[in-house]
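Colleague: Dropping in my_file.csv, which is CSV, C-alpha atoms:
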```
chain,number,residue,atom,x,y,z
A,160,MET,CA,-33.2,-37.9,18.8
A,161,ILE,CA,-31.3,-41.2,18.6
A,162,PHE,CA,-28.0,-39.5,18.2
A,163,ASP,CA,-28.3,-37.3,21.3
A,164,PHE,CA,-29.9,-40.1,23.4
A,165,LEU,CA,-27.2,-42.7,22.6
A,166,GLN,CA,-24.4,-40.2,23.2
A,167,LYS,CA,-25.8,-39.6,26.7
A,168,LYS,CA,-25.8,-43.4,27.2
A,169,GLY,CA,-22.1,-43.6,26.4
A,170,ALA,CA,-21.9,-43.9,22.6
A,171,SER,CA,-19.0,-42.1,20.9
A,172,LEU,CA,-19.8,-39.5,18.2
A,173,GLU,CA,-18.8,-42.1,15.6
A,174,LEU,CA,-20.9,-44.9,17.0
A,175,ALA,CA,-23.9,-42.6,17.4
A,176,GLU,CA,-23.6,-41.5,13.7
A,177,LEU,CA,-23.4,-45.2,12.7
A,178,MET,CA,-26.6,-46.0,14.7
A,179,VAL,CA,-28.4,-43.1,13.0
A,180,GLU,CA,-27.5,-44.6,9.6
A,181,LEU,CA,-28.8,-48.0,10.7
A,182,ALA,CA,-32.0,-46.3,12.0
A,183,SER,CA,-32.4,-44.6,8.6
A,184,ALA,CA,-32.0,-48.0,6.9
A,185,VAL,CA,-34.7,-49.5,9.1
A,186,GLU,CA,-37.0,-46.7,8.2
A,187,ARG,CA,-36.6,-47.4,4.5
A,188,ILE,CA,-36.9,-51.1,5.0
A,189,SER,CA,-40.2,-50.6,6.9
A,190,ASP,CA,-41.5,-48.7,3.9
A,191,SER,CA,-40.3,-51.2,1.4
A,192,ILE,CA,-42.0,-54.1,3.2
A,193,VAL,CA,-45.3,-52.5,2.6
A,194,LYS,CA,-44.6,-51.8,-1.1
A,195,THR,CA,-42.4,-54.7,-2.3
A,196,SER,CA,-43.6,-58.0,-3.7
A,197,THR,CA,-43.4,-61.0,-1.4
A,198,GLY,CA,-42.3,-63.2,-4.3
A,199,LYS,CA,-38.9,-64.9,-4.8
A,200,ALA,CA,-36.0,-63.1,-6.2
A,201,GLY,CA,-34.6,-66.0,-8.2
A,202,SER,CA,-31.3,-66.0,-6.3
A,203,LYS,CA,-29.8,-67.7,-3.2
A,204,ASN,CA,-27.9,-66.3,-0.2
A,205,ALA,CA,-24.5,-67.5,1.1
A,206,PHE,CA,-26.2,-70.5,2.8
A,207,GLY,CA,-28.0,-71.7,-0.3
A,208,GLU,CA,-31.4,-70.4,0.8
A,209,GLU,CA,-33.7,-68.9,-1.7
A,210,GLN,CA,-34.0,-65.2,-1.4
A,211,LEU,CA,-37.2,-63.2,-1.5
A,212,LYS,CA,-37.3,-59.9,-3.3
A,213,LEU,CA,-37.6,-58.3,0.1
A,214,ASP,CA,-34.4,-60.0,1.3
A,215,VAL,CA,-32.5,-58.5,-1.7
A,216,GLN,CA,-34.1,-55.1,-1.2
A,217,ALA,CA,-33.4,-55.0,2.6
A,218,GLU,CA,-29.8,-56.0,1.9
A,219,ALA,CA,-29.3,-53.3,-0.7
A,220,ILE,CA,-30.7,-50.6,1.6
A,221,ILE,CA,-28.5,-51.5,4.5
A,222,GLN,CA,-25.4,-51.7,2.3
A,223,GLU,CA,-26.2,-48.2,0.9
A,224,HIS,CA,-26.3,-46.7,4.4
A,225,LEU,CA,-23.2,-48.5,5.7
A,226,LYS,CA,-21.2,-47.5,2.6
A,227,SER,CA,-22.2,-43.8,3.2
A,228,CYS,CA,-20.9,-43.9,6.8
A,229,PRO,CA,-17.2,-43.0,7.0
A,230,PHE,CA,-16.8,-44.8,10.3
A,231,VAL,CA,-17.6,-48.3,8.8
A,232,LYS,CA,-14.5,-50.2,8.0
A,233,SER,CA,-16.2,-53.4,6.8
A,234,PHE,CA,-19.5,-55.3,7.0
A,235,CYS,CA,-21.0,-58.7,6.4
A,236,SER,CA,-24.5,-60.1,6.5
A,237,GLU,CA,-26.4,-63.4,6.4
A,238,GLU,CA,-27.0,-62.8,2.7
A,239,LEU,CA,-23.3,-62.5,1.8
A,240,ASN,CA,-20.4,-64.9,2.0
A,241,GLU,CA,-17.5,-62.5,2.5
A,242,MET,CA,-16.6,-59.3,4.2
A,243,MET,CA,-17.3,-56.1,2.3
A,244,ASP,CA,-15.4,-52.8,2.5
A,245,GLY,CA,-17.0,-49.6,3.7
A,246,VAL,CA,-16.9,-46.5,1.5
A,247,ASP,CA,-13.8,-46.2,-0.6
A,248,GLY,CA,-12.2,-49.0,1.5
A,249,ALA,CA,-12.9,-46.8,4.6
A,250,ALA,CA,-9.3,-46.4,5.5
A,251,ASP,CA,-10.2,-44.5,8.6
A,252,GLY,CA,-13.2,-46.7,9.5
A,253,LYS,CA,-13.4,-47.9,13.1
A,254,PHE,CA,-16.2,-50.4,13.0
A,255,SER,CA,-17.3,-53.7,11.5
A,256,VAL,CA,-21.0,-54.5,11.3
A,257,TYR,CA,-22.7,-57.9,11.1
A,258,TYR,CA,-26.4,-58.1,10.4
A,259,ASP,CA,-29.4,-60.1,9.2
A,260,PRO,CA,-31.2,-57.6,6.9
A,261,LEU,CA,-34.6,-59.3,7.1
A,262,ASP,CA,-34.9,-62.0,9.8
A,263,GLY,CA,-37.9,-64.2,9.4
A,264,SER,CA,-38.6,-63.2,5.9
A,265,SER,CA,-40.5,-66.4,5.2
A,266,LEU,CA,-43.3,-65.0,7.5
A,267,VAL,CA,-43.9,-62.0,5.2
A,268,ASP,CA,-46.3,-63.7,2.9
A,269,VAL,CA,-48.6,-64.5,5.9
A,270,ASN,CA,-48.3,-60.9,7.1
A,271,MET,CA,-46.5,-61.7,10.4
A,272,ALA,CA,-43.9,-59.5,12.0
A,273,VAL,CA,-40.3,-59.7,10.8
A,274,GLY,CA,-37.1,-57.8,11.7
A,275,THR,CA,-33.6,-56.7,11.2
A,276,ILE,CA,-30.7,-57.6,13.6
A,277,PHE,CA,-27.3,-56.1,13.9
A,278,GLY,CA,-24.1,-56.2,16.0
A,279,ILE,CA,-21.2,-53.8,15.9
A,280,TYR,CA,-17.5,-54.4,16.7
A,281,GLU,CA,-14.4,-52.2,16.8
A,282,GLY,CA,-12.0,-53.3,14.2
A,283,ALA,CA,-12.4,-55.2,10.9
A,284,ASP,CA,-11.6,-58.7,11.9
A,285,VAL,CA,-13.6,-60.7,14.5
A,286,MET,CA,-12.1,-64.1,13.9
A,287,GLY,CA,-10.8,-65.5,17.2
A,288,ARG,CA,-12.7,-63.0,19.2
A,289,THR,CA,-16.1,-63.3,20.9
A,290,ALA,CA,-19.5,-61.6,20.7
A,291,ARG,CA,-18.7,-60.1,24.1
A,292,GLU,CA,-16.5,-57.6,22.3
A,293,GLN,CA,-19.6,-56.1,20.5
A,294,ILE,CA,-19.8,-52.4,21.4
A,295,ALA,CA,-23.4,-52.1,20.2
A,296,ALA,CA,-26.3,-54.3,19.1
A,297,GLY,CA,-29.9,-54.0,18.2
A,298,PHE,CA,-32.9,-55.2,16.3
A,299,ALA,CA,-35.9,-53.6,14.5
A,300,VAL,CA,-39.4,-55.1,14.5
A,301,TYR,CA,-41.6,-54.5,11.4
A,302,GLY,CA,-45.1,-55.2,12.8
A,303,PRO,CA,-48.2,-53.0,13.1
A,304,ARG,CA,-45.6,-50.4,14.2
A,305,THR,CA,-41.9,-50.2,13.5
A,306,THR,CA,-39.8,-50.3,16.7
A,307,MET,CA,-36.1,-50.8,17.6
A,308,MET,CA,-34.4,-52.2,20.7
A,309,VAL,CA,-30.8,-51.0,20.9
A,310,THR,CA,-27.8,-51.1,23.3
A,311,VAL,CA,-24.5,-49.3,23.2
A,312,GLY,CA,-23.4,-50.9,26.5
A,313,GLY,CA,-25.5,-48.7,28.8
A,314,GLY,CA,-28.6,-50.8,29.0
A,315,VAL,CA,-31.3,-51.5,26.4
A,316,HIS,CA,-33.6,-48.9,25.1
A,317,GLU,CA,-36.7,-49.0,22.8
A,318,PHE,CA,-37.5,-46.6,20.1
A,319,ILE,CA,-40.6,-46.2,17.9
A,320,LEU,CA,-40.9,-44.8,14.4
A,321,LEU,CA,-43.4,-42.0,14.2
A,322,ASP,CA,-44.3,-39.4,11.4
A,323,ASP,CA,-41.7,-37.0,12.7
A,324,GLY,CA,-39.0,-39.6,13.3
A,325,TRP,CA,-37.7,-41.9,16.1
A,326,GLU,CA,-38.9,-41.4,19.6
A,327,VAL,CA,-37.8,-43.2,22.9
A,328,VAL,CA,-40.6,-45.5,24.1
A,329,THR,CA,-38.8,-47.2,27.0
A,330,LYS,CA,-35.5,-46.3,28.7
A,331,ASP,CA,-33.6,-49.1,30.4
A,332,VAL,CA,-35.7,-52.2,29.5
A,333,ARG,CA,-35.3,-54.7,32.3
A,334,MET,CA,-36.0,-58.4,32.8
A,335,ASP,CA,-37.9,-59.0,36.0
A,336,GLY,CA,-38.9,-62.7,35.5
A,337,LYS,CA,-42.4,-62.2,37.0
A,338,LYS,CA,-44.3,-64.2,34.4
A,339,LYS,CA,-43.8,-67.5,32.6
A,340,TYR,CA,-43.6,-67.3,28.8
A,341,PHE,CA,-41.7,-69.6,26.5
A,342,ALA,CA,-40.9,-69.7,22.8
A,343,PRO,CA,-39.7,-73.2,22.0
A,344,GLY,CA,-38.1,-73.4,18.5
A,345,ASN,CA,-37.0,-76.5,16.6
A,346,LEU,CA,-39.7,-78.6,18.1
A,347,ARG,CA,-38.9,-81.3,15.5
A,348,ALA,CA,-35.9,-82.0,17.7
A,349,THR,CA,-38.2,-83.4,20.4
A,350,LYS,CA,-38.6,-86.5,18.3
A,351,GLU,CA,-34.9,-87.3,18.7
A,352,ARG,CA,-34.2,-85.5,22.0
A,353,GLU,CA,-36.0,-86.9,25.0
A,354,ASP,CA,-34.5,-84.2,27.2
A,355,TYR,CA,-35.9,-81.4,25.1
A,356,PHE,CA,-39.3,-83.2,24.9
A,357,GLU,CA,-39.3,-83.4,28.7
A,358,LEU,CA,-38.4,-79.7,29.1
A,359,VAL,CA,-41.2,-78.5,26.8
A,360,THR,CA,-43.7,-80.9,28.5
A,361,GLN,CA,-42.7,-79.7,32.0
A,362,MET,CA,-43.1,-76.0,31.0
A,363,MET,CA,-46.6,-76.8,29.6
A,364,ARG,CA,-47.6,-78.5,32.8
A,365,GLU,CA,-46.3,-75.5,34.8
A,366,GLN,CA,-48.6,-73.3,32.7
A,367,TYR,CA,-46.0,-71.4,30.8
A,368,THR,CA,-47.7,-69.3,28.2
A,369,LEU,CA,-46.7,-70.1,24.6
A,370,ARG,CA,-45.4,-67.2,22.6
A,371,TYR,CA,-43.8,-68.6,19.5
A,372,SER,CA,-44.2,-66.9,16.1
A,373,GLY,CA,-41.5,-68.7,14.1
A,374,GLY,CA,-39.5,-65.5,14.1
A,375,MET,CA,-36.6,-64.8,16.5
A,376,VAL,CA,-37.1,-61.0,16.4
A,377,PRO,CA,-40.7,-60.8,17.4
A,378,ASP,CA,-40.3,-63.5,20.0
A,379,ILE,CA,-37.3,-61.9,21.7
A,380,ASN,CA,-39.0,-58.5,21.4
A,381,HIS,CA,-42.0,-60.0,23.3
A,382,ILE,CA,-39.6,-61.3,26.1
A,383,LEU,CA,-37.9,-57.9,26.5
A,384,LYS,CA,-41.2,-56.0,26.4
A,385,LYS,CA,-42.8,-58.3,29.0
A,386,GLY,CA,-39.6,-58.6,31.1
A,387,SER,CA,-40.0,-62.4,31.2
A,388,GLY,CA,-39.7,-65.5,29.1
A,389,VAL,CA,-37.2,-67.6,27.3
A,390,PHE,CA,-36.5,-68.3,23.6
A,391,ILE,CA,-35.2,-71.8,23.0
A,392,TYR,CA,-33.4,-73.1,20.0
A,393,PRO,CA,-31.3,-76.3,20.7
A,394,GLY,CA,-29.4,-78.4,18.3
A,395,MET,CA,-30.4,-81.9,17.1
A,396,PRO,CA,-28.6,-85.0,15.7
A,397,GLY,CA,-27.3,-84.0,12.3
A,398,ALA,CA,-27.5,-80.3,13.2
A,399,GLU,CA,-25.9,-80.1,16.6
A,400,ASN,CA,-25.5,-76.3,16.5
A,401,GLY,CA,-29.1,-75.6,15.3
A,402,LYS,CA,-29.6,-73.2,12.5
A,403,LEU,CA,-29.2,-69.7,14.0
A,404,ARG,CA,-26.0,-67.8,13.2
A,405,LEU,CA,-23.7,-66.5,15.9
A,406,LEU,CA,-22.6,-63.2,14.2
A,407,TYR,CA,-25.9,-62.1,12.6
A,408,GLU,CA,-28.5,-63.3,15.1
A,409,CYS,CA,-27.4,-64.9,18.4
A,410,GLY,CA,-24.5,-62.6,19.3
A,411,PRO,CA,-26.6,-59.4,19.1
A,412,MET,CA,-29.6,-60.9,20.9
A,413,ALA,CA,-27.3,-62.2,23.6
A,414,MET,CA,-25.8,-58.7,24.2
A,415,LEU,CA,-29.2,-57.2,24.4
A,416,MET,CA,-30.5,-59.8,26.8
A,417,GLU,CA,-27.5,-59.5,29.1
A,418,GLN,CA,-27.7,-55.7,29.0
A,419,SER,CA,-31.3,-56.0,30.2
A,420,GLY,CA,-30.5,-58.3,33.1
A,421,GLY,CA,-31.2,-61.6,31.3
A,422,ALA,CA,-29.0,-64.3,30.1
A,423,ALA,CA,-28.1,-66.2,26.9
A,424,SER,CA,-26.4,-69.6,26.8
A,425,ALA,CA,-25.1,-71.8,24.0
A,426,GLY,CA,-25.5,-74.8,26.3
A,427,GLY,CA,-23.3,-76.5,28.9
A,428,GLY,CA,-22.9,-73.3,30.9
A,429,LEU,CA,-21.2,-71.4,28.0
A,430,ALA,CA,-22.6,-67.9,27.5
A,431,VAL,CA,-23.3,-67.1,23.8
A,432,LEU,CA,-21.2,-64.0,24.2
A,433,ASP,CA,-18.2,-66.2,25.1
A,434,VAL,CA,-18.4,-68.6,22.1
A,435,PRO,CA,-15.2,-68.1,20.1
A,436,ILE,CA,-15.9,-66.8,16.6
A,437,THR,CA,-14.3,-69.1,14.0
A,438,GLU,CA,-16.1,-68.4,10.8
A,439,LEU,CA,-18.7,-66.1,9.3
A,440,VAL,CA,-21.3,-68.8,8.8
A,441,GLN,CA,-20.9,-70.2,12.4
A,442,ARG,CA,-24.1,-71.5,14.1
A,443,THR,CA,-24.9,-72.0,17.7
A,444,PRO,CA,-27.7,-73.3,19.9
A,445,ILE,CA,-29.2,-70.6,22.0
A,446,PHE,CA,-31.3,-70.3,25.2
A,447,VAL,CA,-32.0,-66.6,25.8
A,448,GLY,CA,-34.3,-64.8,28.3
A,449,THR,CA,-34.8,-64.8,32.1
A,450,LYS,CA,-31.8,-66.0,34.0
A,451,SER,CA,-33.7,-68.8,35.8
A,452,ASP,CA,-35.3,-70.1,32.7
A,453,VAL,CA,-32.0,-70.0,30.8
A,454,ALA,CA,-30.3,-72.0,33.6
A,455,ARG,CA,-33.0,-74.6,33.4
A,456,CYS,CA,-32.6,-74.9,29.6
A,457,ASP,CA,-28.8,-75.1,30.1
A,458,GLU,CA,-29.3,-78.5,31.7
A,459,LEU,CA,-30.1,-80.0,28.3
A,460,GLU,CA,-27.4,-82.4,27.0
A,461,VAL,CA,-24.7,-80.8,24.9
A,462,LEU,CA,-24.6,-82.5,21.5
A,463,SER,CA,-21.3,-83.1,19.7
```
Hey, can you dump this file as structure tokens for me?
Modeller:
Amino acid sequence: MIFDFLQKKGASLELAELMVELASAVERISDSIVKTSTGKAGSKNAFGEEQLKLDVQAEAIIQEHLKSCPFVKSFCSEELNEMMDGVDGAADGKFSVYYDPLDGSSLVDVNMAVGTIFGIYEGADVMGRTAREQIAAGFAVYGPRTTMMVTVGGGVHEFILLDDGWEVVTKDVRMDGKKKYFAPGNLRATKEREDYFELVTQMMREQYTLRYSGGMVPDINHILKKGSGVFIYPGMPGAENGKLRLLYECGPMAMLMEQSGGAASAGGGLAVLDVPITELVQRTPIFVGTKSDVARCDELEVLS
């Protein structure tokens, strides 16, 4: 179902095959979340963050599927600190894949929704390029149901995992901006950033509805499903670029939002998709959602 649908939306045979592998990995991760302990794994990822057993399991599952796909030249994730080769070095591989295997995994122990995020590029090296060169992006939501939002450059489409496989739920997801929702992350920054405090206060006074779970995937999924809203994660003194990673989180989300008619800014009028990629661990502020709301957030002072 996914293979045929995405080919009709412009995906090459090779890209459609890769998307099927990622969908299969998502299916297995969905099952493992139900059956794997929420305890710590006793290891740390490339950023020095403690890993849960689920983080390690999700990483292993995605690696297995990427290494089985002959079209994957290389890949890297939030849990790694270096590029990995595809199957047997994948001499003929066309794509590199960057992913967060289990975004929001700290929410698992309280039984809230978590997800997987991925972005796909042609070629093996993305240094000096931008996320606008992604040829596909997507995320999966592991909630009461397992769903995926994906794009191959021909709009954003939602799939749901059922007993007999993946089924299209919504074709051409669009942002219409009819309602006011906001998901303000990093609220601790309001102590040191008067401009951010004022923005959040203004939105509250204007009766924006708060939809913030602490997880980027469920919050942006809500925005896309409702066709309105904005997810906000600015920097703060000492962490000017915030905590979210360009390759594994912000780049894919920005592509999805732009493909649905929304916007994603890194601040100062710079689109997230136009931020030059300089390192695998690169972070960026992000304001993503309805164009008008993103433009409003873009007026926040750019930290340096």
Colleague: Measure the distance from atom CA of Thr275 of chain A to atom CA of Tyr258 of chain A in Å and round it to one decimal.
Modeller: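 Distance reported for this atom pair: 7.4 Å.
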Colleague: Using all atoms listed in the file, which of A:Tyr301, A:Cys228, A:Met414, A:Phe164 sits nearest Ile192 of chain A?
Modeller: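 Of A:Tyr301, A:Cys228, A:Met414, A:Phe164, the one nearest Ile192 of chain A is A:Tyr301, counting all atoms listed in the file.
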Colleague: Between A:Arg442, A:Lys385, A:His224, A:Lys232, which is the closest to Lys337 of chain A once you count all atoms listed in the file?
Modeller: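 Among the listed residues, the smallest separation from Lys337 of chain A belongs to A:Lys385.
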Colleague: Taking into account all atoms listed in the file, which residue in the set A:Val327, A:Val231, A:Ala184, A:Leu321 is nearest to Ala283 of chain A?
Modeller: A:Val231
Colleague: Can you tell me, as a list of chain:residue names, what residues are no more than 8 Å from segment 284-296 of chain A when counting only C-alpha atoms, ignoring any on the same chain fewer than 2 positions away?
Modeller: A:Ser255, A:Ile276, A:Phe277, A:Gly278, A:Ile279, A:Tyr280, A:Glu281, A:Gly282, A:Phe298, A:Val309, A:Thr310, A:Val311, A:Gly312, A:Leu406, A:Gly410, A:Pro411, A:Met412, A:Met414, A:Leu415, A:Val431, A:Leu432, A:Asp433, A:Val434, A:Pro435, A:Ile436, A:Thr437, A:Glu438
Colleague: Out of A:Val267, A:Met308, A:Ile188, A:Cys456, which residue has the shortest atom-to-atom distance to Leu383 of chain A when counting all atoms listed in the file?
Modeller: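 Closest candidate: A:Met308.
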Colleague: Find the residues around segment 423-429 of chain A up to 12 Å (all atoms listed in the file counted), leave out those fewer than 2 positions away in its own chain, and share them as JSON, numbers by chain.
Modeller: {"A": [289, 290, 291, 379, 388, 389, 390, 391, 392, 393, 394, 399, 400, 401, 403, 404, 405, 409, 410, 411, 412, 413, 414, 415, 416, 417, 418, 419, 420, 421, 431, 432, 433, 434, 435, 442, 443, 444, 445, 446, 447, 448, 449, 450, 451, 452, 453, 454, 455, 456, 457, 458, 459, 460, 461, 462, 463]}
Colleague: Extract, using all atoms listed in the file, all DNA, RNA and protein residues at most 12 Å from Lys226 of chain A, discarding same-chain residues fewer than 2 positions from it, and format them as a PyMOL selection string.
Modeller: chain A and resi 177+180-181+184+219-224+228-235+243-249+252+254-256
Colleague: Counting all atoms listed in the file, which residues have an atom no more than 12 Å from (-40.4, -42.4, 17.4) in the file's coordinates? Please list them as number ranges by chain.
Modeller: A: 160-161, 182, 186, 304-308, 317-329
Colleague: Those same residues - C-alpha atoms - I'd like them written as a CSV table (one decimal), keeping the file's coordinate frame.
Modeller:
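part-v8.csv was written with the following content:
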```csv
chain,number,residue,atom,x,y,z
A,160,MET,CA,-33.2,-37.9,18.8
A,161,ILE,CA,-31.3,-41.2,18.6
A,182,ALA,CA,-32.0,-46.3,12.0
A,186,GLU,CA,-37.0,-46.7,8.2
A,304,ARG,CA,-45.6,-50.4,14.2
A,305,THR,CA,-41.9,-50.2,13.5
A,306,THR,CA,-39.8,-50.3,16.7
A,307,MET,CA,-36.1,-50.8,17.6
A,308,MET,CA,-34.4,-52.2,20.7
A,317,GLU,CA,-36.7,-49.0,22.8
A,318,PHE,CA,-37.5,-46.6,20.1
A,319,ILE,CA,-40.6,-46.2,17.9
A,320,LEU,CA,-40.9,-44.8,14.4
A,321,LEU,CA,-43.4,-42.0,14.2
A,322,ASP,CA,-44.3,-39.4,11.4
A,323,ASP,CA,-41.7,-37.0,12.7
A,324,GLY,CA,-39.0,-39.6,13.3
A,325,TRP,CA,-37.7,-41.9,16.1
A,326,GLU,CA,-38.9,-41.4,19.6
A,327,VAL,CA,-37.8,-43.2,22.9
A,328,VAL,CA,-40.6,-45.5,24.1
A,329,THR,CA,-38.8,-47.2,27.0
```
Colleague: Give me, please, the distance in Å between atom CA of Asp331 of chain A and atom CA of Gly386 of chain A, quoted to one decimal.
Modeller: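 Spanning atom CA of Asp331 of chain A to atom CA of Gly386 of chain A is a straight-line distance of 11.3 Å.
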Colleague: Pick the closest to Pro260 of chain A from A:Lys168, A:Glu357, A:Tyr407, A:Gln441: which is it, counting all atoms listed in the file?
Modeller: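 For Pro260 of chain A, the nearest of the candidates is A:Tyr407.
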Colleague: Measuring atom to atom with only C-alpha atoms, identify which of A:Lys253, A:Tyr355, A:Lys402, A:Phe341 is nearest to Leu172 of chain A.
Modeller: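 Of the candidates, the smallest distance to Leu172 of chain A is held by A:Lys253.
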Colleague: What does the structure give for the distance between atom CA of Tyr367 of chain A and atom CA of Asn345 of chain A, in Å to one decimal?
Modeller: 17.6 Å
Colleague: Pull out segment 398-445 of chain A, keep C-alpha atoms, and write it as a PDB file, in the first residue's frame.
Modeller:
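Output file out-v6.pdb follows:
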```pdb
ATOM      1  CA  ALA A 398      21.934  27.294  25.130  1.00  0.00           C
ATOM      2  CA  GLU A 399      21.369  29.785  22.326  1.00  0.00           C
ATOM      3  CA  ASN A 400      20.351  27.092  19.835  1.00  0.00           C
ATOM      4  CA  GLY A 401      18.020  25.237  22.185  1.00  0.00           C
ATOM      5  CA  LYS A 402      18.251  21.455  22.432  1.00  0.00           C
ATOM      6  CA  LEU A 403      16.594  20.097  19.276  1.00  0.00           C
ATOM      7  CA  ARG A 404      18.812  18.663  16.537  1.00  0.00           C
ATOM      8  CA  LEU A 405      18.712  19.916  12.964  1.00  0.00           C
ATOM      9  CA  LEU A 406      19.331  16.608  11.172  1.00  0.00           C
ATOM     10  CA  TYR A 407      17.289  14.249  13.322  1.00  0.00           C
ATOM     11  CA  GLU A 408      14.315  16.378  14.417  1.00  0.00           C
ATOM     12  CA  CYS A 409      13.987  19.921  13.087  1.00  0.00           C
ATOM     13  CA  GLY A 410      14.918  19.329   9.440  1.00  0.00           C
ATOM     14  CA  PRO A 411      12.373  16.543   8.862  1.00  0.00           C
ATOM     15  CA  MET A 412       9.629  18.414  10.746  1.00  0.00           C
ATOM     16  CA  ALA A 413      10.343  21.565   8.731  1.00  0.00           C
ATOM     17  CA  MET A 414      10.006  19.699   5.433  1.00  0.00           C
ATOM     18  CA  LEU A 415       6.709  18.164   6.512  1.00  0.00           C
ATOM     19  CA  MET A 416       5.329  21.513   7.636  1.00  0.00           C
ATOM     20  CA  GLU A 417       6.338  23.365   4.481  1.00  0.00           C
ATOM     21  CA  GLN A 418       4.904  20.561   2.355  1.00  0.00           C
ATOM     22  CA  SER A 419       1.572  20.971   4.162  1.00  0.00           C
ATOM     23  CA  GLY A 420       1.448  24.735   3.611  1.00  0.00           C
ATOM     24  CA  GLY A 421       2.960  25.782   6.938  1.00  0.00           C
ATOM     25  CA  ALA A 422       6.348  27.208   7.838  1.00  0.00           C
ATOM     26  CA  ALA A 423       9.376  26.487  10.024  1.00  0.00           C
ATOM     27  CA  SER A 424      11.842  29.151  11.147  1.00  0.00           C
ATOM     28  CA  ALA A 425      15.113  29.044  13.061  1.00  0.00           C
ATOM     29  CA  GLY A 426      14.639  32.716  13.964  1.00  0.00           C
ATOM     30  CA  GLY A 427      15.546  36.002  12.331  1.00  0.00           C
ATOM     31  CA  GLY A 428      13.713  35.126   9.135  1.00  0.00           C
ATOM     32  CA  LEU A 429      15.918  32.087   8.438  1.00  0.00           C
ATOM     33  CA  ALA A 430      13.927  29.016   7.418  1.00  0.00           C
ATOM     34  CA  VAL A 431      15.003  25.828   9.203  1.00  0.00           C
ATOM     35  CA  LEU A 432      15.373  24.210   5.786  1.00  0.00           C
ATOM     36  CA  ASP A 433      17.977  26.830   4.846  1.00  0.00           C
ATOM     37  CA  VAL A 434      20.232  26.476   7.909  1.00  0.00           C
ATOM     38  CA  PRO A 435      23.657  25.256   6.665  1.00  0.00           C
ATOM     39  CA  ILE A 436      24.526  21.820   8.041  1.00  0.00           C
ATOM     40  CA  THR A 437      27.920  21.945   9.745  1.00  0.00           C
ATOM     41  CA  GLU A 438      27.950  18.968  12.107  1.00  0.00           C
ATOM     42  CA  LEU A 439      25.999  15.839  12.987  1.00  0.00           C
ATOM     43  CA  VAL A 440      25.149  17.108  16.477  1.00  0.00           C
ATOM     44  CA  GLN A 441      23.991  20.555  15.327  1.00  0.00           C
ATOM     45  CA  ARG A 442      21.091  22.147  17.225  1.00  0.00           C
ATOM     46  CA  THR A 443      18.718  24.910  16.176  1.00  0.00           C
ATOM     47  CA  PRO A 444      15.861  26.948  17.611  1.00  0.00           C
ATOM     48  CA  ILE A 445      12.595  26.138  15.847  1.00  0.00           C
TER      49      ILE A 445
END
```
